[in-house]
Each structure stands twice: as structure tokens, then as C-alpha cells.
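Participant: Can you read through this structure? Questions will come right after.
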Amino acid sequence: MPSYKGHLKGGLVVFLLLGVLNLKFSFIEWSIYLLSAPIFFIYTLLPDIDTPASKIRKWVSVVLLAPILYFIYYDMKWEAVSIITTLTLLYFVKHRGLFHNPLVGFILSLPLGLVEPAFLVVAFIGFSTHLILDALGGN
Ligand SMILES: [Zn+2]
């Protein structure tokens, strides 16, 4: 199982390959390509959110702390409860189960398509890169 660094390195290779393909075929504007970089790398790590010790789980938990505190402060209890419940449910998800499924990757990528269709594709490629690297093993 590659570490998060292994996934980032493998993801970098794939992301640069996408850039080379974009040079040749001009799929998307370069500004969109560059804007999609953080999305790509987050989705490259996202499947391991099912692992409590993973970097992505820790980062997501910290990032979601701000909206939780905001919702509590402004008495938006249900919004806070929904985020806390989602984070709690992650503890019951089996590693390499639900979140290591391409269909789940596609579903999690869909909201980005509302912002920019290319983001959906890039997110799904990032998610798929993780699954392929896990299948190949190594570090
Ligand atoms: Zn994994």
C-alpha cells in the first residue's frame, strides 16, 4: 500500500502526463488545468479517508472544524450535527471498502462538475490514480 507521499508522487506523474496530453490535444484551457491541480491531489488522497491515521482524514477533520464551530456559534445545530455525524460514520467504514470504489469516486467527483466539467474529470482521474496505485502496491 503506497503511503500518502507515494500517492502524491504517483499522482504528480499522472497530472504531468495529463499536462503533456493537454499540450498535444488541448482538452482544456491551461488556467483550468492549473486550477484543477489541488482538486486532483486531494482526490488522489481521498480514498484513504477510510483510514483513521491517514493524512487526508486528519486534514479533512481539521478543515471541517471551522464550519462546525461556525454552525454551533450561529445556532445552526443541524448543520453542525450533520458534519459531526459524517465524521463519526467514517470510523465505521472499512479500509479499502466503500471509499476504494470507482463508483463512489465518480459520485464524489460529481459536485465539482457543477463548477467546471473538467474538474469532475480531473477529480475522477485523481481518485482512480489512487485505486490503481493501491492495486499495484509498492511505495
Ligand atoms: Zn488506498
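All residue names refer to the C-alpha cells as shown: chains lettered A, B, ... in order, residues numbered from 1 in each chain, ligands numbered from 1 in order.
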With only C-alpha atoms and all ligand atoms counted, collect every polymer residue having an atom within 7 Å of ligand 1; state the result as a ChimeraX atom specification.
Facilitator: /A:1,47-48,96,100,130-131,134
Participant: Give me, as a list in words, all polymer residues having an atom no more than 10 Å from Val121 in chain A, counting only C-alpha atoms and skipping those fewer than 4 positions away in the same chain.
Facilitator: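 Using only C-alpha atoms, the neighbours found are Ser36, Phe40, Phe106, Ser109, Leu110, Leu112, Gly113, Glu116, Pro117, Ile125, Gly126 and Phe127 of chain A.
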Participant: Closest to Val122 in chain A among A:Gly105, A:Tyr70, A:Ala53, A:Val63, using only C-alpha atoms?
Facilitator: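 Smallest distance to Val122 in chain A is found for A:Gly105.
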Participant: If you run DSSP on the backbone, which residues of range 92-122 of chain A are helix (DSSP H, G or I), as a list of chain:residue names?
Facilitator: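 Filtering range 92-122 of chain A down to helix (DSSP H, G or I) leaves A:Phe92, A:Leu98, A:Phe99, A:His100, A:Pro102, A:Leu103, A:Val104, A:Gly105, A:Phe106, A:Ile107, A:Leu108, A:Ser109, A:Leu110, A:Pro111, A:Leu112, A:Gly113, A:Leu114, A:Val115, A:Pro117, A:Ala118, A:Phe119, A:Leu120, A:Val121, A:Val122.
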Participant: Between A:Leu16, A:Ala123, A:Ala118, A:Leu64, single out the one closest to Leu87 in chain A, counting only C-alpha atoms.
Facilitator: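 Closest residue, counting only C-alpha atoms: A:Leu64.
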Participant: Ranking A:Leu108, A:Ala37, A:Leu133, A:Leu90 by minimum distance to Ile49 in chain A and counting only C-alpha atoms, which one comes first?
Facilitator: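 So, comparing all the options, the nearest one is A:Leu90.
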Participant: Of the residues A:Thr44, A:Tyr74, A:Tyr33, A:Thr86, which is the one nearest to Ser61 in chain A, using only C-alpha atoms?
Facilitator: A:Thr86
Participant: Find the distance between CA of Ile28 in chain A and CA of Leu46 in chain A and write it in Å to one decimal.
Facilitator: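 So the answer is 23.6 Å.
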Participant: What is the distance, in Å and to one decimal place, between CA of Leu89 in chain A and CA of Ile68 in chain A?
Facilitator: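 Going from CA of Leu89 in chain A over to CA of Ile68 in chain A covers 15.7 Å.
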